[in-house]
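Student: This one is protein_0.txt, compact mmCIF, C-alpha atoms and all ligand atoms.
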# COMPACT_ATOMS: atom_id res chain seq x y z
CA MET C 1 0.00 0.00 0.00
CA ASP C 2 1.38 3.38 -0.99
CA PHE C 3 -0.29 6.51 0.35
CA SER C 4 2.29 8.98 -0.93
CA ARG C 5 1.08 12.00 -2.90
CA SER C 6 2.40 13.29 -6.19
CA ALA C 7 3.55 16.89 -6.51
CA GLU C 8 0.34 17.60 -8.47
CA GLU C 9 -1.78 16.13 -5.64
CA ASN C 10 0.05 18.18 -3.01
CA ALA C 11 -0.45 21.35 -5.03
CA LYS C 12 -4.11 20.50 -5.60
CA TYR C 13 -4.57 19.84 -1.87
CA GLN C 14 -3.19 23.29 -1.05
CA GLN C 15 -5.25 24.97 -3.78
CA THR C 16 -8.45 23.22 -2.60
CA LYS C 17 -7.80 24.11 1.04
CA ASP C 18 -7.15 27.74 0.08
CA PHE C 19 -10.32 27.86 -2.03
CA ALA C 20 -12.39 26.37 0.80
CA GLY C 21 -10.91 28.72 3.37
CA ALA C 22 -11.34 31.82 1.23
CA VAL C 23 -14.75 31.15 -0.32
CA LEU C 24 -16.84 28.79 1.82
CA ASN C 25 -16.68 30.16 5.37
CA GLY C 26 -18.06 33.74 5.22
CA ASP C 27 -21.25 33.57 7.26
CA VAL C 28 -20.97 29.99 8.52
CA ILE C 29 -22.12 30.82 12.07
CA GLU C 30 -25.23 32.61 10.82
CA ARG C 31 -25.97 29.86 8.29
CA ASP C 32 -25.86 27.27 11.04
CA LEU C 33 -28.00 29.28 13.44
CA GLY C 34 -30.56 29.98 10.70
CA ASN C 35 -30.59 26.49 9.12
CA VAL C 36 -29.63 28.08 5.79
CA PHE C 37 -28.41 26.00 2.87
CA PRO C 38 -25.70 27.89 0.94
CA ALA C 39 -26.91 26.99 -2.57
CA ASP C 40 -24.40 29.42 -4.14
CA LEU C 41 -21.50 27.74 -2.33
CA TRP C 42 -22.68 24.31 -3.47
CA LYS C 43 -22.41 25.66 -7.01
CA ARG C 44 -18.98 27.20 -6.32
CA SER C 45 -17.77 23.87 -4.87
CA ALA C 46 -19.01 22.02 -7.94
CA GLU C 47 -17.25 24.56 -10.20
CA GLN C 48 -14.09 23.91 -8.19
CA GLY C 49 -14.45 20.26 -9.25
CA VAL C 50 -15.51 18.64 -5.97
CA LEU C 51 -18.28 16.61 -7.64
CA SER C 52 -16.10 15.79 -10.68
CA TRP C 53 -12.70 14.79 -9.27
CA PHE C 54 -13.73 11.17 -8.98
CA MET C 55 -15.86 10.95 -12.10
CA PRO C 56 -14.45 9.22 -15.19
CA ARG C 57 -12.82 11.30 -17.90
CA ASP C 58 -15.38 10.20 -20.51
CA CYS C 59 -18.07 11.82 -18.36
CA GLY C 60 -16.06 15.06 -18.15
CA GLY C 61 -14.49 14.28 -14.76
CA ASP C 62 -10.85 14.14 -13.60
CA GLY C 63 -10.81 10.34 -13.35
CA ARG C 64 -9.04 10.43 -9.96
CA THR C 65 -8.94 7.35 -7.76
CA ALA C 66 -10.93 7.07 -4.52
CA LEU C 67 -7.68 7.61 -2.61
CA ALA C 68 -6.74 10.73 -4.57
CA THR C 69 -10.30 12.07 -4.30
CA SER C 70 -10.24 11.48 -0.54
CA TYR C 71 -7.11 13.65 -0.21
CA LEU C 72 -8.94 16.49 -1.90
CA LEU C 73 -12.08 16.03 0.17
CA GLU C 74 -9.81 16.11 3.22
CA ALA C 75 -8.48 19.45 1.91
CA MET C 76 -12.08 20.69 1.63
CA GLY C 77 -12.67 19.81 5.30
CA HIS C 78 -9.34 21.39 6.25
CA GLY C 79 -10.27 24.74 4.74
CA CYS C 80 -14.08 24.72 4.99
CA HIS C 81 -15.61 25.20 8.44
CA ASP C 82 -19.06 24.18 7.20
CA ASN C 83 -19.29 20.44 7.90
CA GLY C 84 -22.87 20.34 6.61
CA LEU C 85 -21.76 21.49 3.17
CA THR C 86 -18.79 19.11 2.91
CA PHE C 87 -20.89 16.19 4.22
CA ALA C 88 -23.66 16.77 1.69
CA LEU C 89 -21.22 17.06 -1.24
CA GLY C 90 -19.72 13.70 -0.25
CA ALA C 91 -23.14 12.13 0.28
CA GLN C 92 -24.23 13.07 -3.25
CA LEU C 93 -20.93 11.97 -4.75
CA TRP C 94 -20.75 8.53 -3.13
CA SER C 95 -24.40 7.55 -2.70
CA VAL C 96 -26.00 9.15 -5.77
CA GLN C 97 -23.42 9.76 -8.52
CA LYS C 98 -21.45 6.56 -7.92
CA PRO C 99 -24.46 4.17 -8.06
CA ILE C 100 -25.90 5.98 -11.11
CA LEU C 101 -22.54 5.49 -12.85
CA GLN C 102 -22.36 1.86 -11.82
CA PHE C 103 -25.96 0.74 -12.39
CA GLY C 104 -27.52 3.43 -14.58
CA LYS C 105 -28.53 2.88 -18.18
CA VAL C 106 -26.78 5.09 -20.73
CA ASP C 107 -29.72 7.49 -20.94
CA GLN C 108 -29.91 7.76 -17.12
CA ILE C 109 -26.19 8.55 -16.94
CA GLU C 110 -26.44 11.09 -19.75
CA ARG C 111 -29.51 12.70 -18.26
CA TYR C 112 -28.29 13.17 -14.69
CA ILE C 113 -24.50 12.88 -14.31
CA PRO C 114 -23.45 16.11 -16.12
CA GLY C 115 -25.88 18.24 -14.09
CA LEU C 116 -24.94 16.53 -10.81
CA MET C 117 -21.25 17.16 -11.51
CA LYS C 118 -21.87 20.82 -12.35
CA GLY C 119 -24.00 21.47 -9.27
CA ALA C 120 -27.00 22.29 -11.47
CA VAL C 121 -28.89 19.14 -10.38
CA MET C 122 -29.00 17.91 -6.80
CA GLY C 123 -29.48 14.30 -5.82
CA ALA C 124 -30.72 12.44 -2.73
CA PHE C 125 -30.44 8.81 -1.64
CA ALA C 126 -33.64 7.67 0.04
CA ILE C 127 -33.99 4.40 1.88
CA THR C 128 -34.81 5.30 5.51
CA GLU C 129 -38.44 5.17 6.66
CA SER C 130 -39.94 5.58 10.11
CA GLY C 131 -40.19 1.76 10.36
CA SER C 132 -36.79 0.84 8.91
CA GLY C 133 -33.54 2.78 9.71
CA SER C 134 -31.09 0.27 11.19
CA ASP C 135 -33.31 -2.51 9.89
CA ALA C 136 -32.61 -1.08 6.44
CA PHE C 137 -34.56 -3.55 4.31
CA ALA C 138 -37.79 -3.54 6.39
CA LEU C 139 -39.39 -1.14 3.91
CA SER C 140 -43.05 -0.22 3.62
CA THR C 141 -42.70 1.82 0.45
CA THR C 142 -44.10 -0.16 -2.45
CA ALA C 143 -43.62 -0.01 -6.21
CA GLN C 144 -46.42 -1.78 -8.00
CA ARG C 145 -46.01 -2.62 -11.67
CA ASP C 146 -48.83 -1.36 -13.89
CA GLY C 147 -48.15 -1.86 -17.61
CA ASP C 148 -45.20 0.33 -18.56
CA SER C 149 -45.20 2.08 -15.20
CA TYR C 150 -44.58 1.53 -11.51
CA ILE C 151 -46.79 3.20 -8.94
CA LEU C 152 -44.89 4.26 -5.81
CA ASN C 153 -46.49 4.70 -2.39
CA GLY C 154 -44.78 5.38 0.93
CA GLU C 155 -42.71 7.91 2.83
CA LYS C 156 -38.96 8.30 3.23
CA CYS C 157 -37.62 10.27 6.18
CA MET C 158 -34.39 11.98 7.30
CA ILE C 159 -33.14 12.23 3.73
CA THR C 160 -30.11 14.48 3.19
CA LEU C 161 -30.83 17.21 0.58
CA ALA C 162 -34.44 16.02 0.13
CA PRO C 163 -36.00 19.51 0.33
CA VAL C 164 -33.82 20.74 -2.55
CA ALA C 165 -33.31 17.53 -4.53
CA ASP C 166 -34.04 17.38 -8.26
CA VAL C 167 -33.65 13.61 -8.42
CA ALA C 168 -33.73 10.85 -5.83
CA ILE C 169 -32.71 7.22 -5.70
CA ILE C 170 -35.73 5.65 -4.02
CA PHE C 171 -35.84 2.13 -2.61
CA ALA C 172 -39.16 0.27 -2.63
CA VAL C 173 -40.63 -3.22 -2.37
CA THR C 174 -41.48 -4.71 -5.76
CA ASN C 175 -42.04 -8.29 -4.55
CA PRO C 176 -43.17 -8.61 -0.94
CA ASP C 177 -42.66 -12.41 -1.00
CA ALA C 178 -38.96 -12.25 -1.89
CA GLY C 179 -37.57 -10.61 1.27
CA GLN C 180 -34.52 -8.44 0.55
CA TRP C 181 -34.42 -9.77 -3.02
CA GLY C 182 -37.84 -8.19 -3.55
CA LEU C 183 -36.43 -4.65 -3.24
CA SER C 184 -35.75 -2.40 -6.19
CA SER C 185 -34.34 1.07 -6.62
CA PHE C 186 -35.63 3.83 -8.87
CA LEU C 187 -34.16 7.05 -10.16
CA VAL C 188 -37.03 9.48 -9.81
CA ASP C 189 -37.35 13.09 -10.89
CA THR C 190 -38.69 14.94 -7.85
CA LYS C 191 -41.07 17.02 -10.00
CA THR C 192 -43.03 13.86 -10.84
CA GLU C 193 -46.71 14.12 -9.95
CA GLY C 194 -47.47 12.28 -6.70
CA LEU C 195 -44.01 12.96 -5.23
CA SER C 196 -43.68 15.70 -2.63
CA LEU C 197 -40.70 17.02 -0.72
CA SER C 198 -41.00 18.31 2.84
CA ASP C 199 -39.53 21.58 4.01
CA ASN C 200 -36.22 21.38 5.85
CA ILE C 201 -36.61 19.57 9.18
CA PRO C 202 -34.43 21.28 11.83
CA LYS C 203 -31.75 19.15 13.44
CA MET C 204 -29.00 19.31 16.07
CA GLY C 205 -26.02 19.79 13.75
CA LEU C 206 -25.09 19.77 10.05
CA ARG C 207 -27.77 22.45 9.90
CA THR C 208 -26.56 24.01 6.68
CA VAL C 209 -27.63 20.94 4.74
CA PRO C 210 -31.39 20.62 4.26
CA PHE C 211 -32.87 17.31 5.29
CA GLY C 212 -36.41 15.99 5.23
CA ASN C 213 -39.05 13.62 3.93
CA ILE C 214 -40.07 12.38 0.49
CA THR C 215 -43.70 11.37 0.22
CA LEU C 216 -44.95 9.15 -2.58
CA ASP C 217 -48.68 9.15 -3.15
CA ASN C 218 -49.66 7.08 -6.17
CA CYS C 219 -46.57 8.43 -7.88
CA ARG C 220 -46.53 6.92 -11.38
CA ILE C 221 -43.10 6.56 -13.01
CA PRO C 222 -42.04 4.87 -16.26
CA VAL C 223 -40.41 1.43 -16.01
CA ALA C 224 -37.32 3.14 -17.47
CA CYS C 225 -36.78 4.78 -14.04
CA LEU C 226 -35.60 1.45 -12.60
CA LEU C 227 -31.95 1.73 -11.51
CA GLY C 228 -30.43 -1.64 -12.32
CA ALA C 229 -32.72 -4.63 -12.60
CA GLU C 230 -35.93 -5.25 -10.68
CA GLY C 231 -34.99 -7.04 -7.45
CA SER C 232 -31.47 -5.63 -7.29
CA GLY C 233 -32.25 -2.91 -4.70
CA CYS C 234 -30.44 -4.74 -1.92
CA SER C 235 -27.26 -5.10 -3.97
CA ILE C 236 -27.42 -1.47 -5.08
CA PHE C 237 -27.90 -0.37 -1.48
CA ASN C 238 -24.93 -2.45 -0.29
CA TYR C 239 -22.75 -1.18 -3.13
CA SER C 240 -23.63 2.47 -2.45
CA GLN C 241 -23.09 2.06 1.25
CA SER C 242 -19.67 0.49 0.73
CA TRP C 243 -18.57 3.70 -1.00
CA GLU C 244 -20.36 6.16 1.23
CA ARG C 245 -19.36 4.45 4.48
CA SER C 246 -15.72 4.30 3.39
CA LEU C 247 -15.26 7.82 2.09
CA VAL C 248 -17.94 10.22 3.31
CA LEU C 249 -15.86 11.10 6.37
CA ALA C 250 -12.79 12.21 4.38
CA PRO C 251 -13.57 15.92 5.01
CA GLN C 252 -13.61 15.22 8.73
CA LEU C 253 -9.92 14.29 8.57
CA GLY C 254 -9.26 17.85 7.42
CA ALA C 255 -11.66 19.23 10.03
CA MET C 256 -9.80 17.33 12.79
CA GLN C 257 -6.49 18.74 11.53
CA ARG C 258 -7.95 22.24 11.64
CA ILE C 259 -9.26 21.77 15.19
CA ILE C 260 -5.90 20.38 16.35
CA ASP C 261 -4.11 23.40 14.82
CA GLN C 262 -6.58 25.72 16.55
CA SER C 263 -6.06 23.93 19.88
CA ILE C 264 -2.25 24.00 19.63
CA ALA C 265 -2.28 27.74 18.85
CA PHE C 266 -4.61 28.40 21.79
CA SER C 267 -2.55 26.24 24.18
CA LYS C 268 0.61 28.23 23.35
CA GLN C 269 -0.97 31.65 23.57
CA ARG C 270 -3.18 31.17 26.65
CA THR C 271 -1.38 31.61 29.99
CA ARG C 272 -2.57 30.63 33.43
CA SER C 273 -0.57 30.81 36.70
CA GLY C 274 2.34 32.30 34.77
CA GLN C 275 2.76 29.69 32.05
CA SER C 276 1.14 28.70 28.80
CA ILE C 277 -1.58 26.11 29.37
CA GLY C 278 0.17 23.81 26.86
CA LYS C 279 2.74 23.16 29.61
CA TYR C 280 0.06 21.40 31.63
CA GLN C 281 -0.16 17.69 30.95
CA SER C 282 -3.97 17.91 31.04
CA ILE C 283 -3.74 20.01 27.87
CA SER C 284 -0.69 18.50 26.11
CA HIS C 285 -1.95 14.93 26.50
CA ARG C 286 -5.32 15.89 25.11
CA ILE C 287 -3.55 17.28 22.05
CA ALA C 288 -1.42 14.14 21.77
CA ASN C 289 -4.59 12.02 21.87
CA MET C 290 -6.18 14.19 19.19
CA GLN C 291 -3.15 13.57 16.96
CA ILE C 292 -3.22 9.80 17.57
CA ARG C 293 -6.91 9.73 16.62
CA LEU C 294 -6.29 11.76 13.46
CA GLU C 295 -3.40 9.57 12.35
CA THR C 296 -5.33 6.31 12.93
CA SER C 297 -8.37 7.80 11.19
CA ARG C 298 -6.25 8.75 8.18
CA LEU C 299 -4.69 5.32 7.93
CA LEU C 300 -8.06 3.58 8.11
CA LEU C 301 -9.66 5.81 5.49
CA TYR C 302 -6.69 5.69 3.12
CA LYS C 303 -6.51 1.91 3.43
CA THR C 304 -10.24 1.56 2.73
CA ALA C 305 -9.96 3.88 -0.29
CA TRP C 306 -6.99 1.87 -1.56
CA LEU C 307 -8.97 -1.37 -1.19
CA LEU C 308 -11.88 0.14 -3.14
CA ASP C 309 -9.49 1.31 -5.87
CA SER C 310 -7.96 -2.17 -6.00
CA GLY C 311 -11.37 -3.86 -6.25
CA LYS C 312 -10.63 -5.79 -3.07
CA GLN C 313 -13.04 -6.74 -0.26
CA SER C 314 -13.40 -3.84 2.20
CA VAL C 315 -16.55 -4.51 4.23
CA THR C 316 -14.77 -4.72 7.60
CA GLU C 317 -12.42 -1.81 6.83
CA ALA C 318 -15.30 0.43 5.71
CA ALA C 319 -17.23 -0.28 8.93
CA MET C 320 -14.09 0.31 11.01
CA ALA C 321 -13.34 3.57 9.19
CA LYS C 322 -16.89 4.86 9.65
CA THR C 323 -16.92 3.95 13.35
CA HIS C 324 -13.45 5.13 14.23
CA ILE C 325 -13.48 8.43 12.33
CA SER C 326 -16.94 9.47 13.50
CA GLU C 327 -16.07 8.70 17.13
CA ALA C 328 -12.62 10.29 16.77
CA PHE C 329 -14.26 13.50 15.52
CA VAL C 330 -16.69 13.58 18.46
CA ALA C 331 -13.82 13.03 20.95
CA THR C 332 -11.60 15.61 19.23
CA CYS C 333 -14.31 18.27 19.39
CA SER C 334 -14.90 17.45 23.04
CA ASP C 335 -11.16 17.70 23.85
CA ALA C 336 -10.89 20.98 21.92
CA ILE C 337 -13.74 22.48 23.95
CA ALA C 338 -12.03 21.36 27.17
CA ILE C 339 -8.72 22.93 26.05
CA HIS C 340 -10.46 26.22 25.26
CA GLY C 341 -12.17 26.33 28.65
CA GLY C 342 -15.29 28.50 28.79
CA SER C 343 -14.51 30.12 25.46
CA GLY C 344 -14.78 26.67 23.83
CA TYR C 345 -18.45 26.75 24.75
CA LEU C 346 -19.08 30.01 22.92
CA THR C 347 -20.65 30.01 19.47
CA GLU C 348 -17.98 32.37 18.09
CA THR C 349 -15.17 29.85 18.80
CA GLU C 350 -16.97 27.49 16.39
CA LEU C 351 -16.22 24.39 18.45
CA GLU C 352 -19.71 23.87 19.83
CA ARG C 353 -21.00 23.75 16.24
CA GLN C 354 -18.32 21.27 15.19
CA SER C 355 -19.27 19.16 18.19
CA ARG C 356 -22.95 19.14 17.19
CA ASP C 357 -21.99 18.34 13.59
CA ALA C 358 -19.72 15.52 14.70
CA LEU C 359 -22.49 13.50 16.37
CA GLY C 360 -24.38 13.23 13.08
CA ALA C 361 -21.67 11.02 11.61
CA THR C 362 -22.17 8.42 14.34
CA LEU C 363 -25.76 8.03 13.06
CA TYR C 364 -26.05 8.53 9.30
CA GLY C 365 -25.08 5.77 6.86
CA GLY C 366 -25.73 3.16 9.59
CA THR C 367 -25.11 3.91 13.26
CA VAL C 368 -21.83 2.97 14.92
CA ASP C 369 -23.71 0.10 16.63
CA ILE C 370 -24.66 -1.31 13.24
CA GLN C 371 -21.04 -0.88 12.05
CA ARG C 372 -19.86 -2.85 15.10
CA ASN C 373 -22.42 -5.58 14.26
CA ILE C 374 -20.91 -5.73 10.75
CA ILE C 375 -17.32 -5.93 12.08
CA ALA C 376 -18.23 -8.64 14.60
CA GLY C 377 -20.17 -10.55 11.95
CA MET C 378 -17.20 -10.44 9.56
CA LEU C 379 -15.05 -11.80 12.39
CA GLY C 380 -17.44 -14.74 12.68
CA VAL C 381 -18.92 -13.70 16.03
C1 LIG C 401 -27.65 13.68 9.59
C2 LIG C 401 -28.37 12.48 9.04
C3 LIG C 401 -28.43 12.31 7.66
C4 LIG C 401 -29.13 11.21 7.13
N1 LIG C 401 -29.24 11.09 5.78
C5 LIG C 401 -29.93 10.05 5.24
C6 LIG C 401 -30.07 9.91 3.81
O1 LIG C 401 -29.57 10.74 3.03
N2 LIG C 401 -30.79 8.86 3.32
C7 LIG C 401 -31.35 7.95 4.14
O2 LIG C 401 -31.98 7.02 3.61
N3 LIG C 401 -31.25 8.05 5.50
C8 LIG C 401 -30.55 9.07 6.06
N4 LIG C 401 -30.44 9.21 7.43
C9 LIG C 401 -31.08 8.22 8.29
C10 LIG C 401 -30.07 7.29 8.95
O3 LIG C 401 -29.53 6.41 7.99
C11 LIG C 401 -30.77 6.56 10.10
O4 LIG C 401 -31.08 7.54 11.08
C12 LIG C 401 -29.90 5.49 10.71
O5 LIG C 401 -29.71 4.41 9.83
C13 LIG C 401 -30.50 4.94 12.02
O6 LIG C 401 -31.84 4.56 11.84
P1 LIG C 401 -32.96 5.11 12.85
O7 LIG C 401 -32.82 6.58 12.96
O8 LIG C 401 -34.27 4.56 12.41
O9 LIG C 401 -32.57 4.51 14.27
P2 LIG C 401 -33.03 3.07 14.83
O10 LIG C 401 -32.82 2.03 13.79
O11 LIG C 401 -34.39 3.19 15.41
O12 LIG C 401 -31.97 2.84 16.00
C14 LIG C 401 -32.18 3.37 17.32
C15 LIG C 401 -31.02 2.89 18.19
O13 LIG C 401 -31.03 1.44 18.26
C16 LIG C 401 -29.77 0.93 17.83
N5 LIG C 401 -30.00 -0.33 17.09
C17 LIG C 401 -30.99 -0.55 16.19
N6 LIG C 401 -30.88 -1.78 15.68
C18 LIG C 401 -29.78 -2.33 16.24
C19 LIG C 401 -29.11 -3.58 16.11
N7 LIG C 401 -29.54 -4.52 15.28
N8 LIG C 401 -27.98 -3.78 16.86
C20 LIG C 401 -27.51 -2.83 17.70
N9 LIG C 401 -28.11 -1.64 17.87
C21 LIG C 401 -29.22 -1.39 17.16
C22 LIG C 401 -29.20 2.01 16.92
O14 LIG C 401 -27.77 1.92 16.83
C23 LIG C 401 -29.64 3.28 17.67
O15 LIG C 401 -28.78 3.50 18.76
C24 LIG C 401 -29.75 10.28 7.99
C25 LIG C 401 -29.68 10.47 9.40
C26 LIG C 401 -28.99 11.55 9.90
C27 LIG C 401 -28.93 11.73 11.41
Here is the file; what I need is its structure written in the form of C-alpha cells.

Tutor:
Amino acid sequence: MDFSRSAEENAKYQQTKDFAGAVLNGDVIERDLGNVFPADLWKRSAEQGVLSWFMPRDCGGDGRTALATSYLLEAMGHGCHDNGLTFALGAQLWSVQKPILQFGKVDQIERYIPGLMKGAVMGAFAITESGSGSDAFALSTTAQRDGDSYILNGEKCMITLAPVADVAIIFAVTNPDAGQWGLSSFLVDTKTEGLSLSDNIPKMGLRTVPFGNITLDNCRIPVACLLGAEGSGCSIFNYSQSWERSLVLAPQLGAMQRIIDQSIAFSKQRTRSGQSIGKYQSISHRIANMQIRLETSRLLLYKTAWLLDSGKQSVTEAAMAKTHISEAFVATCSDAIAIHGGSGYLTETELERQSRDALGATLYGGTVDIQRNIIAGMLGV
C-alpha cells in the first residue's frame, strides 16, 4: 500500500484548502443558526471540481482514484468550516453519482450525471423510513407494476438534501414475498406528480444541509426509471453504502487537523498561573490524543480507499473507518472544547458547532452500533 502523494496532488490539496478557506466560510455561524443552505456555495464547490474529481474522464471528470479524491475532500474539510456542506457534497458523490454510474442505463447517466457534476442538479439517496432505519430492508414503500409504469407509495424520512433535490434514488418493495431480493431502486425526478418534498426539518447539527421527507402518493413513473434490474435494490444499497461508508468522512480528517491546529495555537498563547496552558499535561496529553486519533483515522480511510481502488473486499475496513473516524471527531471536538475552557463553549469559537456536527456522523449511513455488528459478523462472532 502506498499513500504517498504526487507533486500535483500536493499542489491541488493546497489549492483546494485555500479555495475552501477563502470562499466557503463567510457567514458559517449565521448559516448554522438559521438552518440556511448555501446553494451558491454548493455551485462554487461544484465549479471547483468537488463533484467531478472522482468521475471518469469520458463523463467530463478528472478520473481520480478514490484515494486521490479522498485527499482532496480532506483538503475541503481542512479549509471549509461548514461540515454540513462538505458532508452533503460527499453524500451526493458517493451515494448518488457513484451508483448511477455503476448501475444506470446510458440514458440515465447522460440525463443526470453532467448536471450533478456541475452542481446544477441535486441528488438524494432515500432508503430510511420511520419503520426501517437500522433494519434497512424492512421497507413499507411499495412499487407496484402497472403496464409500462410503476406506482410508488410510501414515505422516506431523514433524507439528506431532500428539500432541494431534483432527483432521488428511491428504494421500494417490488415483490413482498422475496424478502430483501424483492427490493428495487428507482431514479425518480422529484417534479413527478405524486411525489412531494418536505420543508427542511431542523436538526442538532449539520444544519446548513437541508434534510427531510419524500412522500410518494400514487406516484406513477415509467419502467425506465428502474436503476439496475428489478430485485437488485439490496445489492445497489450495499454497493452504495460500501462507498459512502468508506469515504464520506474524508472531510472530517481535514476538520480534525484544523481543530488540532486551533487547539495548539490556543494552548501556546493562553497563559494561566504564569505559564502557557500547553505546559500542563492535562492540555498537552489531550492534544497528543487528538493527533493519535487523526493519524489512525487517516490510515483507516486511506486503506479503505486503496482497497476500493484495487477492487478488493473492504466490508470490515469500511465499517471500522466509519466507526473510528466518526467517534474520533466527536472526541476531538470534546477535547478541543475542554482545552479552550469557557470560550470553547461560545458560538464564536466554532467548536460547539463542530461538536454538534460531529455526532451526526455516528448516526447517518448506519449507526456505529450497526457498524460494530458488521465488524463482529465479519469476524465470525
Ligand atoms: C444527519 C443524518 C443524515 C441522514 N441522511 C440520510 C439519507 O440521506 N438517506 C437515508 O436514507 N437516510 C438518512 N439518514 C437516516 C439514517 O440512515 C438513520 O437515522 C440510521 O440508519 C439509524 O436509523 P434510525 O434513525 O431509524 O434509528 P433506529 O434504527 O431506530 O436505532 C435506534 C437505536 O437502536 C440501535 N439499534 C438498532 N438496531 C440495532 C441492532 N440490530 N444492533 C444494535 N443496535 C441497534 C441504533 O444503533 C440506535 O442507537 C440520515 C440520518 C442523519 C442523522

Student: Could you list, as a ChimeraX atom specification, all the residues within 8 Å of ligand LIG 401 (chain C), counting only C-alpha atoms and all ligand atoms?

Tutor: /C:91,124-136,156-162,203,205-206,211,360-361,363-370,373

Student: Rounded to one decimal in Å, what is the spacing between CA of Gly377 in chain C and CA of Ala319 in chain C?

Tutor: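 Computing the Euclidean distance for CA of Gly377 in chain C and CA of Ala319 in chain C yields 11.1 Å.
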
Student: So how many Å separate CA of Glu74 in chain C and CA of Cys333 in chain C, to one decimal?

Tutor: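 The value is 16.9 Å.
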
Student: Suppose you want the space between CA of Trp181 in chain C and CA of Ala88 in chain C; what is it in Å?

Tutor: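 Answer for the CA of Trp181 in chain C to CA of Ala88 in chain C separation: 29.0 Å.
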
Student: Which neighbours of Gly104 in chain C fall inside 12 Å, counting only C-alpha atoms, when residues of the same chain fewer than 5 positions from it are skipped, and could you give them as a count of residues only?

Tutor: 20

Student: Looking at C:Thr86, C:Asn289, C:Gln102, C:Thr332, which one is nearest to Gln262 in chain C, with distances taken over all atoms listed in the file?

Tutor: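 Closest to Gln262 in chain C, using all atoms listed in the file: C:Thr332.
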
Student: Mind checking which residues fall within 12 Å of Asn25 in chain C, counting all atoms listed in the file, ignoring those fewer than 6 positions away in the same chain, and posting them as a PyMOL selection string?

Tutor: chain C and resi 17-19+31-32+38+41+76-86+208+350

Student: Write a file of the selected residues as a compact mmCIF listing (two decimals), in the frame of the given file, keeping C-alpha atoms.

Tutor:
# COMPACT_ATOMS: atom_id res chain seq x y z
CA LYS C 17 -7.80 24.11 1.04
CA ASP C 18 -7.15 27.74 0.08
CA PHE C 19 -10.32 27.86 -2.03
CA ARG C 31 -25.97 29.86 8.29
CA ASP C 32 -25.86 27.27 11.04
CA PRO C 38 -25.70 27.89 0.94
CA LEU C 41 -21.50 27.74 -2.33
CA MET C 76 -12.08 20.69 1.63
CA GLY C 77 -12.67 19.81 5.30
CA HIS C 78 -9.34 21.39 6.25
CA GLY C 79 -10.27 24.74 4.74
CA CYS C 80 -14.08 24.72 4.99
CA HIS C 81 -15.61 25.20 8.44
CA ASP C 82 -19.06 24.18 7.20
CA ASN C 83 -19.29 20.44 7.90
CA GLY C 84 -22.87 20.34 6.61
CA LEU C 85 -21.76 21.49 3.17
CA THR C 86 -18.79 19.11 2.91
CA THR C 208 -26.56 24.01 6.68
CA GLU C 350 -16.97 27.49 16.39

Student: Would you pick out the contacts of Thr141 in chain C at 9 Å or less, using all atoms listed in the file, so that residues sharing its chain but fewer than 4 positions from it are not included, and give the list as a PDB file with C-alpha atoms, keeping the file's coordinate frame?

Tutor:
ATOM      1  CA  GLU C 129     -38.440   5.170   6.660  1.00  0.00           C
ATOM      2  CA  LEU C 152     -44.890   4.260  -5.810  1.00  0.00           C
ATOM      3  CA  ASN C 153     -46.490   4.700  -2.390  1.00  0.00           C
ATOM      4  CA  GLY C 154     -44.780   5.380   0.930  1.00  0.00           C
ATOM      5  CA  GLU C 155     -42.710   7.910   2.830  1.00  0.00           C
ATOM      6  CA  LYS C 156     -38.960   8.300   3.230  1.00  0.00           C
ATOM      7  CA  PHE C 171     -35.840   2.130  -2.610  1.00  0.00           C
ATOM      8  CA  ALA C 172     -39.160   0.270  -2.630  1.00  0.00           C
ATOM      9  CA  VAL C 173     -40.630  -3.220  -2.370  1.00  0.00           C
ATOM     10  CA  LEU C 216     -44.950   9.150  -2.580  1.00  0.00           C
TER      11      LEU C 216
END

Student: Counting only C-alpha atoms, I want the residues whose atoms come within 9 Å of (-19.3, 4.4, 0.5) in the file frame, returned as number ranges by chain.

Tutor: C: 91, 94-95, 98, 238-248, 318, 365
